[in-house]
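Peer 1: For reference, the file start34.txt (compact mmCIF, N, CA and C atoms) is included below:
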```txt
# COMPACT_ATOMS: atom_id res chain seq x y z
N GLU A 1 -17.34 -0.41 -0.48
CA GLU A 1 -16.94 0.41 -1.62
C GLU A 1 -15.51 0.11 -2.05
N LEU A 2 -14.61 -0.08 -1.08
CA LEU A 2 -13.22 -0.42 -1.41
C LEU A 2 -13.16 -1.76 -2.13
N ARG A 3 -13.96 -2.71 -1.68
CA ARG A 3 -14.00 -4.02 -2.33
C ARG A 3 -14.41 -3.89 -3.80
N THR A 4 -15.41 -3.07 -4.06
CA THR A 4 -15.87 -2.85 -5.43
C THR A 4 -14.76 -2.26 -6.30
N VAL A 5 -14.05 -1.30 -5.75
CA VAL A 5 -12.96 -0.66 -6.49
C VAL A 5 -11.84 -1.67 -6.76
N LEU A 6 -11.51 -2.49 -5.77
CA LEU A 6 -10.45 -3.49 -5.97
C LEU A 6 -10.87 -4.52 -7.02
N LEU A 7 -12.12 -4.96 -6.99
CA LEU A 7 -12.59 -5.89 -8.02
C LEU A 7 -12.52 -5.26 -9.41
N LYS A 8 -12.84 -3.98 -9.49
CA LYS A 8 -12.72 -3.27 -10.76
C LYS A 8 -11.25 -3.24 -11.20
N GLY A 9 -10.35 -3.03 -10.25
CA GLY A 9 -8.92 -3.02 -10.56
C GLY A 9 -8.43 -4.36 -11.09
N TYR A 10 -8.92 -5.45 -10.50
CA TYR A 10 -8.56 -6.78 -11.01
C TYR A 10 -9.08 -6.96 -12.43
N ALA A 11 -10.33 -6.54 -12.67
CA ALA A 11 -10.94 -6.69 -14.00
C ALA A 11 -10.19 -5.87 -15.05
N GLU A 12 -9.70 -4.69 -14.66
CA GLU A 12 -8.99 -3.82 -15.61
C GLU A 12 -7.49 -4.12 -15.67
N ARG A 13 -7.06 -5.11 -14.92
CA ARG A 13 -5.64 -5.49 -14.84
C ARG A 13 -4.78 -4.35 -14.29
N ALA A 14 -5.37 -3.54 -13.41
CA ALA A 14 -4.63 -2.49 -12.72
C ALA A 14 -4.13 -2.99 -11.37
N MET A 15 -4.68 -4.12 -10.93
CA MET A 15 -4.29 -4.76 -9.67
C MET A 15 -4.07 -6.24 -9.97
N GLN A 16 -3.26 -6.86 -9.13
CA GLN A 16 -3.10 -8.31 -9.26
C GLN A 16 -3.26 -8.95 -7.90
N ARG A 17 -3.73 -10.20 -7.90
CA ARG A 17 -4.02 -10.91 -6.65
C ARG A 17 -2.87 -11.78 -6.20
N SER A 18 -2.01 -12.21 -7.10
CA SER A 18 -0.98 -13.17 -6.77
C SER A 18 0.40 -12.56 -6.93
N PRO A 19 1.31 -12.70 -6.01
CA PRO A 19 1.26 -13.53 -4.81
C PRO A 19 0.48 -12.87 -3.67
N HIS A 20 0.10 -11.61 -3.82
CA HIS A 20 -0.70 -10.87 -2.86
C HIS A 20 -1.25 -9.66 -3.59
N LEU A 21 -2.03 -8.83 -2.92
CA LEU A 21 -2.57 -7.62 -3.54
C LEU A 21 -1.42 -6.72 -4.01
N VAL A 22 -1.38 -6.44 -5.31
CA VAL A 22 -0.31 -5.62 -5.88
C VAL A 22 -0.93 -4.58 -6.81
N LEU A 23 -0.50 -3.33 -6.65
CA LEU A 23 -0.94 -2.25 -7.53
C LEU A 23 -0.04 -2.23 -8.76
N LEU A 24 -0.64 -2.35 -9.94
CA LEU A 24 0.11 -2.36 -11.19
C LEU A 24 0.03 -1.03 -11.93
N ASP A 25 -1.02 -0.26 -11.68
CA ASP A 25 -1.25 0.99 -12.40
C ASP A 25 -1.47 2.12 -11.40
N SER A 26 -0.48 3.00 -11.27
CA SER A 26 -0.61 4.08 -10.29
C SER A 26 -1.72 5.06 -10.67
N GLY A 27 -1.99 5.20 -11.96
CA GLY A 27 -3.10 6.04 -12.40
C GLY A 27 -4.43 5.53 -11.86
N PHE A 28 -4.59 4.21 -11.85
CA PHE A 28 -5.80 3.62 -11.30
C PHE A 28 -5.91 3.94 -9.81
N TYR A 29 -4.80 3.87 -9.10
CA TYR A 29 -4.82 4.20 -7.66
C TYR A 29 -5.33 5.62 -7.46
N HIS A 30 -4.73 6.57 -8.17
CA HIS A 30 -5.08 7.98 -7.96
C HIS A 30 -6.50 8.31 -8.42
N ARG A 31 -6.95 7.61 -9.43
CA ARG A 31 -8.29 7.86 -9.98
C ARG A 31 -9.39 7.17 -9.17
N GLU A 32 -9.16 5.92 -8.76
CA GLU A 32 -10.22 5.10 -8.18
C GLU A 32 -10.05 4.80 -6.68
N ILE A 33 -8.83 4.46 -6.28
CA ILE A 33 -8.62 4.01 -4.90
C ILE A 33 -8.42 5.17 -3.95
N LYS A 34 -7.66 6.17 -4.37
CA LYS A 34 -7.33 7.28 -3.46
C LYS A 34 -8.57 7.99 -2.90
N PRO A 35 -9.61 8.25 -3.68
CA PRO A 35 -10.79 8.89 -3.08
C PRO A 35 -11.44 8.05 -1.97
N VAL A 36 -11.44 6.74 -2.13
CA VAL A 36 -12.01 5.86 -1.10
C VAL A 36 -11.11 5.87 0.13
N VAL A 37 -9.81 5.74 -0.08
CA VAL A 37 -8.85 5.75 1.03
C VAL A 37 -8.90 7.09 1.76
N ALA A 38 -9.07 8.17 1.03
CA ALA A 38 -9.11 9.50 1.66
C ALA A 38 -10.27 9.60 2.65
N ARG A 39 -11.40 8.99 2.31
CA ARG A 39 -12.53 9.02 3.25
C ARG A 39 -12.21 8.21 4.52
N TRP A 40 -11.52 7.09 4.37
CA TRP A 40 -11.09 6.31 5.54
C TRP A 40 -10.09 7.10 6.38
N VAL A 41 -9.16 7.75 5.70
CA VAL A 41 -8.16 8.56 6.41
C VAL A 41 -8.83 9.70 7.16
N LEU A 42 -9.84 10.28 6.56
CA LEU A 42 -10.56 11.37 7.22
C LEU A 42 -11.23 10.90 8.51
N LEU A 43 -11.74 9.68 8.52
CA LEU A 43 -12.31 9.12 9.75
C LEU A 43 -11.25 9.06 10.84
N TRP A 44 -10.05 8.60 10.49
CA TRP A 44 -8.95 8.52 11.46
C TRP A 44 -8.57 9.92 11.95
N LEU A 45 -8.48 10.85 11.01
CA LEU A 45 -8.12 12.22 11.39
C LEU A 45 -9.13 12.83 12.35
N ARG A 46 -10.40 12.62 12.10
CA ARG A 46 -11.43 13.22 12.95
C ARG A 46 -11.36 12.68 14.38
N LEU A 47 -10.85 11.47 14.55
CA LEU A 47 -10.67 10.91 15.89
C LEU A 47 -9.40 11.41 16.57
N ASN A 48 -8.44 11.93 15.78
CA ASN A 48 -7.13 12.27 16.32
C ASN A 48 -6.76 13.74 16.23
N TRP A 49 -7.69 14.60 15.85
CA TRP A 49 -7.39 16.03 15.80
C TRP A 49 -6.94 16.52 17.16
N VAL A 50 -6.08 17.52 17.15
CA VAL A 50 -5.70 18.23 18.37
C VAL A 50 -6.49 19.54 18.34
N GLY A 51 -7.39 19.71 19.28
CA GLY A 51 -8.24 20.90 19.28
C GLY A 51 -9.40 20.74 18.32
N ALA A 52 -10.07 21.83 18.06
CA ALA A 52 -11.26 21.82 17.20
C ALA A 52 -10.85 21.89 15.73
N CYS A 53 -11.70 21.33 14.90
CA CYS A 53 -11.50 21.40 13.45
C CYS A 53 -12.59 22.28 12.87
N ASN A 54 -12.19 23.44 12.35
CA ASN A 54 -13.15 24.38 11.77
C ASN A 54 -13.05 24.41 10.25
N VAL A 55 -12.80 23.25 9.68
CA VAL A 55 -12.65 23.13 8.22
C VAL A 55 -13.75 22.20 7.72
N PRO A 56 -14.45 22.58 6.66
CA PRO A 56 -15.49 21.69 6.12
C PRO A 56 -14.89 20.36 5.64
N VAL A 57 -15.66 19.31 5.77
CA VAL A 57 -15.23 17.98 5.33
C VAL A 57 -14.86 17.99 3.86
N SER A 58 -15.61 18.71 3.05
CA SER A 58 -15.32 18.77 1.61
C SER A 58 -13.94 19.35 1.34
N ALA A 59 -13.52 20.36 2.10
CA ALA A 59 -12.19 20.94 1.92
C ALA A 59 -11.10 19.97 2.35
N LEU A 60 -11.35 19.22 3.42
CA LEU A 60 -10.38 18.22 3.86
C LEU A 60 -10.21 17.10 2.83
N LEU A 61 -11.33 16.64 2.29
CA LEU A 61 -11.26 15.61 1.25
C LEU A 61 -10.58 16.12 0.00
N MET A 62 -10.85 17.37 -0.35
CA MET A 62 -10.19 17.95 -1.51
C MET A 62 -8.67 18.00 -1.28
N PHE A 63 -8.24 18.37 -0.09
CA PHE A 63 -6.82 18.42 0.22
C PHE A 63 -6.18 17.03 0.15
N LEU A 64 -6.85 16.02 0.68
CA LEU A 64 -6.31 14.66 0.66
C LEU A 64 -6.24 14.09 -0.75
N ASN A 65 -7.15 14.51 -1.62
CA ASN A 65 -7.17 14.00 -3.00
C ASN A 65 -6.40 14.87 -3.99
N CYS A 66 -6.06 16.08 -3.58
CA CYS A 66 -5.45 17.06 -4.49
C CYS A 66 -4.02 16.66 -4.86
N ASP A 67 -3.66 16.85 -6.13
CA ASP A 67 -2.29 16.59 -6.58
C ASP A 67 -1.41 17.82 -6.40
N ASP A 68 -1.99 19.00 -6.52
CA ASP A 68 -1.24 20.25 -6.32
C ASP A 68 -1.49 20.72 -4.88
N VAL A 69 -0.60 20.32 -3.99
CA VAL A 69 -0.78 20.55 -2.55
C VAL A 69 -0.90 22.03 -2.23
N GLU A 70 -0.06 22.85 -2.81
CA GLU A 70 -0.06 24.28 -2.49
C GLU A 70 -1.38 24.95 -2.87
N ALA A 71 -1.98 24.52 -3.95
CA ALA A 71 -3.24 25.11 -4.38
C ALA A 71 -4.39 24.76 -3.43
N CYS A 72 -4.27 23.62 -2.76
CA CYS A 72 -5.36 23.16 -1.88
C CYS A 72 -5.11 23.49 -0.41
N ARG A 73 -3.94 24.01 -0.09
CA ARG A 73 -3.56 24.21 1.31
C ARG A 73 -4.32 25.35 1.99
N GLY A 74 -4.60 26.42 1.29
CA GLY A 74 -5.17 27.63 1.88
C GLY A 74 -6.40 27.42 2.75
N PRO A 75 -7.48 26.86 2.22
CA PRO A 75 -8.70 26.74 3.02
C PRO A 75 -8.56 25.78 4.20
N VAL A 76 -7.56 24.92 4.17
CA VAL A 76 -7.43 23.89 5.20
C VAL A 76 -6.65 24.39 6.41
N THR A 77 -5.57 25.11 6.19
CA THR A 77 -4.68 25.47 7.29
C THR A 77 -5.27 26.53 8.21
N SER A 78 -6.19 27.32 7.74
CA SER A 78 -6.73 28.40 8.58
C SER A 78 -7.62 27.89 9.72
N GLY A 79 -8.19 26.69 9.59
CA GLY A 79 -9.12 26.21 10.60
C GLY A 79 -8.58 25.13 11.52
N LEU A 80 -7.25 24.92 11.50
CA LEU A 80 -6.66 23.85 12.32
C LEU A 80 -5.50 24.36 13.15
N LEU A 81 -5.28 23.72 14.28
CA LEU A 81 -4.09 24.01 15.08
C LEU A 81 -2.86 23.43 14.38
N PRO A 82 -1.66 23.93 14.69
CA PRO A 82 -0.44 23.43 14.03
C PRO A 82 -0.26 21.91 14.15
N GLU A 83 -0.61 21.33 15.31
CA GLU A 83 -0.46 19.89 15.47
C GLU A 83 -1.41 19.12 14.55
N SER A 84 -2.60 19.65 14.37
CA SER A 84 -3.56 19.01 13.48
C SER A 84 -3.15 19.17 12.02
N ILE A 85 -2.53 20.28 11.69
CA ILE A 85 -2.01 20.48 10.32
C ILE A 85 -0.93 19.43 10.04
N LYS A 86 -0.08 19.16 11.03
CA LYS A 86 0.95 18.13 10.86
C LYS A 86 0.32 16.77 10.62
N LEU A 87 -0.73 16.45 11.38
CA LEU A 87 -1.43 15.18 11.17
C LEU A 87 -2.05 15.11 9.77
N LEU A 88 -2.63 16.21 9.33
CA LEU A 88 -3.24 16.27 8.01
C LEU A 88 -2.18 16.08 6.92
N ASN A 89 -1.04 16.73 7.07
CA ASN A 89 0.04 16.57 6.10
C ASN A 89 0.56 15.14 6.06
N LEU A 90 0.69 14.53 7.23
CA LEU A 90 1.12 13.14 7.29
C LEU A 90 0.11 12.23 6.58
N ALA A 91 -1.16 12.45 6.86
CA ALA A 91 -2.21 11.65 6.23
C ALA A 91 -2.23 11.86 4.71
N ALA A 92 -2.00 13.08 4.28
CA ALA A 92 -1.98 13.37 2.83
C ALA A 92 -0.79 12.68 2.17
N ASP A 93 0.38 12.73 2.81
CA ASP A 93 1.55 12.03 2.26
C ASP A 93 1.29 10.54 2.18
N TRP A 94 0.69 10.00 3.22
CA TRP A 94 0.39 8.57 3.24
C TRP A 94 -0.57 8.22 2.11
N THR A 95 -1.60 9.04 1.93
CA THR A 95 -2.62 8.78 0.91
C THR A 95 -2.06 8.95 -0.50
N ARG A 96 -1.27 9.99 -0.71
CA ARG A 96 -0.79 10.31 -2.05
C ARG A 96 0.39 9.47 -2.50
N SER A 97 1.33 9.16 -1.59
CA SER A 97 2.55 8.51 -2.05
C SER A 97 2.94 7.24 -1.32
N LEU A 98 2.81 7.20 0.00
CA LEU A 98 3.29 6.02 0.73
C LEU A 98 2.44 4.78 0.45
N LEU A 99 1.13 4.89 0.51
CA LEU A 99 0.27 3.74 0.27
C LEU A 99 0.42 3.20 -1.15
N PRO A 100 0.37 4.03 -2.19
CA PRO A 100 0.55 3.45 -3.53
C PRO A 100 1.93 2.83 -3.72
N HIS A 101 2.94 3.41 -3.09
CA HIS A 101 4.29 2.82 -3.18
C HIS A 101 4.30 1.43 -2.55
N CYS A 102 3.75 1.32 -1.35
CA CYS A 102 3.73 0.02 -0.66
C CYS A 102 2.89 -1.00 -1.41
N LEU A 103 1.75 -0.58 -1.96
CA LEU A 103 0.90 -1.50 -2.69
C LEU A 103 1.54 -1.99 -3.99
N SER A 104 2.49 -1.24 -4.52
CA SER A 104 3.12 -1.64 -5.78
C SER A 104 4.29 -2.59 -5.59
N LYS A 105 4.69 -2.84 -4.37
CA LYS A 105 5.82 -3.74 -4.10
C LYS A 105 5.35 -5.19 -4.10
N ILE A 106 6.15 -6.06 -4.73
CA ILE A 106 5.82 -7.48 -4.82
C ILE A 106 6.79 -8.27 -3.96
N ASN A 107 6.26 -9.11 -3.09
CA ASN A 107 7.08 -9.99 -2.29
C ASN A 107 7.34 -11.26 -3.09
N ARG A 108 8.54 -11.36 -3.65
CA ARG A 108 8.84 -12.49 -4.51
C ARG A 108 9.68 -13.57 -3.84
N VAL A 109 10.09 -13.36 -2.62
CA VAL A 109 10.92 -14.33 -1.94
C VAL A 109 10.06 -15.12 -0.96
N SER A 110 10.09 -16.43 -1.08
CA SER A 110 9.38 -17.25 -0.11
C SER A 110 10.39 -18.16 0.57
N TYR A 111 10.45 -18.06 1.86
CA TYR A 111 11.35 -18.89 2.63
C TYR A 111 10.57 -20.09 3.11
N GLY A 112 10.73 -21.19 2.43
CA GLY A 112 9.95 -22.35 2.82
C GLY A 112 10.65 -23.63 2.45
N LEU A 113 9.96 -24.72 2.68
CA LEU A 113 10.50 -26.02 2.33
C LEU A 113 10.47 -26.20 0.82
N LEU A 114 11.27 -27.14 0.35
CA LEU A 114 11.29 -27.43 -1.08
C LEU A 114 9.95 -28.04 -1.50
N THR A 115 9.53 -27.68 -2.68
CA THR A 115 8.28 -28.22 -3.21
C THR A 115 8.53 -29.65 -3.69
N PRO A 116 7.48 -30.42 -3.91
CA PRO A 116 7.68 -31.78 -4.44
C PRO A 116 8.45 -31.79 -5.76
N ALA A 117 8.22 -30.79 -6.61
CA ALA A 117 8.97 -30.72 -7.88
C ALA A 117 10.45 -30.47 -7.62
N ASP A 118 10.75 -29.60 -6.65
CA ASP A 118 12.15 -29.36 -6.29
C ASP A 118 12.80 -30.61 -5.73
N LEU A 119 12.08 -31.35 -4.89
CA LEU A 119 12.61 -32.56 -4.29
C LEU A 119 12.92 -33.62 -5.35
N ALA A 120 12.09 -33.69 -6.39
CA ALA A 120 12.31 -34.67 -7.45
C ALA A 120 13.56 -34.35 -8.26
N ALA A 121 13.93 -33.07 -8.35
CA ALA A 121 15.07 -32.66 -9.16
C ALA A 121 16.37 -32.53 -8.37
N VAL A 122 16.32 -32.82 -7.07
CA VAL A 122 17.48 -32.59 -6.22
C VAL A 122 18.53 -33.69 -6.42
N ASP A 123 19.78 -33.34 -6.24
CA ASP A 123 20.89 -34.29 -6.34
C ASP A 123 20.74 -35.35 -5.25
N PRO A 124 20.90 -36.63 -5.58
CA PRO A 124 20.73 -37.69 -4.58
C PRO A 124 21.71 -37.59 -3.40
N ARG A 125 22.82 -36.90 -3.60
CA ARG A 125 23.81 -36.75 -2.52
C ARG A 125 23.47 -35.59 -1.58
N THR A 126 22.38 -34.90 -1.82
CA THR A 126 21.98 -33.76 -0.98
C THR A 126 21.66 -34.25 0.42
N PRO A 127 22.22 -33.62 1.44
CA PRO A 127 21.95 -34.07 2.81
C PRO A 127 20.48 -33.88 3.19
N LEU A 128 20.03 -34.72 4.10
CA LEU A 128 18.65 -34.67 4.57
C LEU A 128 18.30 -33.30 5.16
N SER A 129 19.27 -32.69 5.84
CA SER A 129 19.01 -31.38 6.45
C SER A 129 18.60 -30.35 5.41
N ARG A 130 19.19 -30.42 4.22
CA ARG A 130 18.84 -29.47 3.15
C ARG A 130 17.43 -29.72 2.63
N LEU A 131 17.00 -30.96 2.67
CA LEU A 131 15.68 -31.31 2.15
C LEU A 131 14.54 -30.86 3.07
N ILE A 132 14.83 -30.71 4.35
CA ILE A 132 13.76 -30.38 5.29
C ILE A 132 13.91 -29.00 5.91
N MET A 133 14.89 -28.22 5.45
CA MET A 133 15.11 -26.88 5.99
C MET A 133 14.67 -25.82 4.99
N ALA A 134 14.39 -24.63 5.49
CA ALA A 134 14.06 -23.50 4.63
C ALA A 134 15.29 -23.06 3.86
N VAL A 135 15.09 -22.44 2.72
CA VAL A 135 16.19 -22.02 1.85
C VAL A 135 16.55 -20.57 2.14
N PRO A 136 17.78 -20.31 2.59
CA PRO A 136 18.19 -18.91 2.76
C PRO A 136 18.56 -18.30 1.41
N PHE A 137 18.23 -17.03 1.22
CA PHE A 137 18.53 -16.34 -0.03
C PHE A 137 19.61 -15.31 0.19
N ILE A 138 20.49 -15.14 -0.83
CA ILE A 138 21.51 -14.09 -0.75
C ILE A 138 21.10 -12.87 -1.56
N GLY A 139 20.11 -13.01 -2.39
CA GLY A 139 19.60 -11.91 -3.20
C GLY A 139 18.28 -12.30 -3.83
N LYS A 140 17.73 -11.42 -4.62
CA LYS A 140 16.42 -11.67 -5.23
C LYS A 140 16.50 -12.91 -6.12
N ASP A 141 15.69 -13.91 -5.79
CA ASP A 141 15.60 -15.15 -6.56
C ASP A 141 16.91 -15.91 -6.65
N VAL A 142 17.84 -15.69 -5.71
CA VAL A 142 19.15 -16.36 -5.74
C VAL A 142 19.34 -17.11 -4.42
N PRO A 143 19.08 -18.43 -4.39
CA PRO A 143 19.30 -19.18 -3.15
C PRO A 143 20.79 -19.33 -2.90
N SER A 144 21.16 -19.37 -1.63
CA SER A 144 22.58 -19.58 -1.31
C SER A 144 22.95 -21.04 -1.56
N LYS A 145 24.22 -21.30 -1.77
CA LYS A 145 24.70 -22.65 -2.05
C LYS A 145 24.75 -23.49 -0.78
N ALA A 146 24.76 -22.85 0.38
CA ALA A 146 24.96 -23.57 1.65
C ALA A 146 23.90 -24.57 1.95
```
Could you show the structure in this file as structure tokens?
Peer 2:
Amino acid sequence: ELRTVLLKGYAERAMQRSPHLVLLDSGFYHREIKPVVARWVLLWLRLNWVGACNVPVSALLMFLNCDDVEACRGPVTSGLLPESIKLLNLAADWTRSLLPHCLSKINRVSYGLLTPADLAAVDPRTPLSRLIMAVPFIGKDVPSKA
């Protein structure tokens, strides 16, 4: 199911594949991906509860998917121990904000050898060590002169 949602995201240009999986549209995450992730998170929670869980699965899923946390908190907190409530809150934060934030970050720095195109454009006086070593960066897209 997650694969289907991701393929839909690529088709709608809400996700990108290059240089890695990147979330481009947070609305798409909350509408399409979050419900699927919430079910996965619920599986993890059910394995890690402290004590018994006397809350229906539907209420837990509603809490994980809900945007207004206070409105959804009531039915959930009455059936869990305090430690399990903390786990649920952590899982909800992860589902609502941490995962979409991480998915939206793009890794644009590659520390590697020079490409053949870079080698063709290099100054002939460049030492051999520079040609076969990785490029250190001092900032985003800014290689150091060293």
Peer 1: One decimal, Å: what's the distance from atom C of A:Leu114 over to atom CA of A:Arg130, could you say?
Peer 2: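 Atom CA of A:Arg130 lies at a distance of 10.1 Å from atom C of A:Leu114.
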Peer 1: Could you work out how far atom C of A:Leu60 lies from atom C of A:Ser104, giving the answer in Å with one decimal?
Peer 2: 25.9 Å
Peer 1: Just how far from atom CA of A:Arg3 is atom C of A:Val41, in Å to one decimal?
Peer 2: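 Between atom C of A:Val41 and atom CA of A:Arg3 the gap works out to 17.5 Å.
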Peer 1: Show which residues sit within 7 Å of A:Asp25, as a list in words. Count only N, CA and C atoms, and ignore same-chain residues fewer than 2 positions away.
Peer 2: Arg13, Ala14, Met15, Val22, Leu23, Gly27, Phe28, Tyr29 and His30 of chain A
Peer 1: Quick one: residues within 8 Å of A:Val55, all atoms listed in the file, excluding same-chain residues fewer than 3 positions away - as a list in words?
Peer 2: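 Residues near the query, excluding close chain neighbours: Ala52, Ser58, Ala59, Leu60, Pro75, Val76, Thr77, Ser78, Gly79 and Leu80 of chain A.
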Peer 1: From the list A:Pro116, A:Leu87, A:Asp67, A:Ser97, which residue is nearest A:Leu47 when using only C-alpha atoms?
Peer 2: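 Selected residue with least distance to A:Leu47: A:Leu87.
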Peer 1: Per DSSP on the backbone, what are the helix (DSSP H, G or I) residues of chain A, as a PyMOL selection string?
Peer 2: chain A and resi 2-11+26-48+57-65+69-77+82-103+116-120+128-132
Peer 1: Using only C-alpha atoms, which residue out of A:Leu131, A:Leu90, A:Leu99, A:Ile106 lies closest to A:Trp44?
Peer 2: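 Closest to A:Trp44, using only C-alpha atoms: A:Leu90.
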Peer 1: Which is closer to A:Trp49 than all the others in A:Thr4, A:Pro100, A:Cys66, A:Glu83, using all atoms listed in the file?
Peer 2: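 Counting all atoms listed in the file, the residue closest to A:Trp49 is A:Glu83.
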Peer 1: My list of candidates is A:Leu42, A:Ile33, A:Ala120, A:Ala92. Which is closest to A:Leu64 when distances are computed with all atoms listed in the file?
Peer 2: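 Selected residue with least distance to A:Leu64: A:Ala92.
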Peer 1: Generate the missing atoms of stretch 53-60 of chain A up to all heavy atoms and report them as a PDB file, keeping the file's coordinate frame.
Peer 2:
```pdb
ATOM      1  N   CYS A  53     -11.700  21.330  14.900  1.00  0.00           N
ATOM      2  CA  CYS A  53     -11.500  21.400  13.450  1.00  0.00           C
ATOM      3  C   CYS A  53     -12.590  22.280  12.870  1.00  0.00           C
ATOM      4  O   CYS A  53     -13.773  21.928  12.908  1.00  0.00           O
ATOM      5  CB  CYS A  53     -11.554  20.004  12.834  1.00  0.00           C
ATOM      6  SG  CYS A  53     -11.491  20.021  11.036  1.00  0.00           S
ATOM      7  N   ASN A  54     -12.190  23.440  12.350  1.00  0.00           N
ATOM      8  CA  ASN A  54     -13.150  24.380  11.770  1.00  0.00           C
ATOM      9  C   ASN A  54     -13.050  24.410  10.250  1.00  0.00           C
ATOM     10  O   ASN A  54     -13.188  25.449   9.631  1.00  0.00           O
ATOM     11  CB  ASN A  54     -12.920  25.777  12.347  1.00  0.00           C
ATOM     12  CG  ASN A  54     -13.137  25.801  13.841  1.00  0.00           C
ATOM     13  OD1 ASN A  54     -14.055  25.165  14.334  1.00  0.00           O
ATOM     14  ND2 ASN A  54     -12.289  26.506  14.555  1.00  0.00           N
ATOM     15  N   VAL A  55     -12.800  23.250   9.680  1.00  0.00           N
ATOM     16  CA  VAL A  55     -12.650  23.130   8.220  1.00  0.00           C
ATOM     17  C   VAL A  55     -13.750  22.200   7.720  1.00  0.00           C
ATOM     18  O   VAL A  55     -13.969  21.129   8.293  1.00  0.00           O
ATOM     19  CB  VAL A  55     -11.263  22.561   7.860  1.00  0.00           C
ATOM     20  CG1 VAL A  55     -11.100  22.442   6.363  1.00  0.00           C
ATOM     21  CG2 VAL A  55     -10.159  23.414   8.460  1.00  0.00           C
ATOM     22  N   PRO A  56     -14.450  22.580   6.660  1.00  0.00           N
ATOM     23  CA  PRO A  56     -15.490  21.690   6.120  1.00  0.00           C
ATOM     24  C   PRO A  56     -14.890  20.360   5.640  1.00  0.00           C
ATOM     25  O   PRO A  56     -13.756  20.312   5.157  1.00  0.00           O
ATOM     26  CB  PRO A  56     -16.082  22.474   4.953  1.00  0.00           C
ATOM     27  CG  PRO A  56     -15.569  23.858   5.073  1.00  0.00           C
ATOM     28  CD  PRO A  56     -14.362  23.838   5.941  1.00  0.00           C
ATOM     29  N   VAL A  57     -15.660  19.310   5.770  1.00  0.00           N
ATOM     30  CA  VAL A  57     -15.230  17.980   5.330  1.00  0.00           C
ATOM     31  C   VAL A  57     -14.860  17.990   3.860  1.00  0.00           C
ATOM     32  O   VAL A  57     -13.879  17.356   3.442  1.00  0.00           O
ATOM     33  CB  VAL A  57     -16.334  16.938   5.621  1.00  0.00           C
ATOM     34  CG1 VAL A  57     -16.026  15.604   4.979  1.00  0.00           C
ATOM     35  CG2 VAL A  57     -16.525  16.782   7.115  1.00  0.00           C
ATOM     36  N   SER A  58     -15.610  18.710   3.050  1.00  0.00           N
ATOM     37  CA  SER A  58     -15.320  18.770   1.610  1.00  0.00           C
ATOM     38  C   SER A  58     -13.940  19.350   1.340  1.00  0.00           C
ATOM     39  O   SER A  58     -13.225  18.874   0.443  1.00  0.00           O
ATOM     40  CB  SER A  58     -16.395  19.568   0.883  1.00  0.00           C
ATOM     41  OG  SER A  58     -16.436  20.890   1.396  1.00  0.00           O
ATOM     42  N   ALA A  59     -13.520  20.360   2.100  1.00  0.00           N
ATOM     43  CA  ALA A  59     -12.190  20.940   1.920  1.00  0.00           C
ATOM     44  C   ALA A  59     -11.100  19.970   2.350  1.00  0.00           C
ATOM     45  O   ALA A  59     -10.043  19.885   1.708  1.00  0.00           O
ATOM     46  CB  ALA A  59     -12.070  22.242   2.717  1.00  0.00           C
ATOM     47  N   LEU A  60     -11.350  19.220   3.420  1.00  0.00           N
ATOM     48  CA  LEU A  60     -10.380  18.220   3.860  1.00  0.00           C
ATOM     49  C   LEU A  60     -10.210  17.100   2.830  1.00  0.00           C
ATOM     50  O   LEU A  60      -9.097  16.695   2.509  1.00  0.00           O
ATOM     51  CB  LEU A  60     -10.790  17.639   5.207  1.00  0.00           C
ATOM     52  CG  LEU A  60     -10.748  18.598   6.390  1.00  0.00           C
ATOM     53  CD1 LEU A  60     -11.439  17.991   7.601  1.00  0.00           C
ATOM     54  CD2 LEU A  60      -9.319  18.985   6.721  1.00  0.00           C
TER      55      LEU A  60
END
```
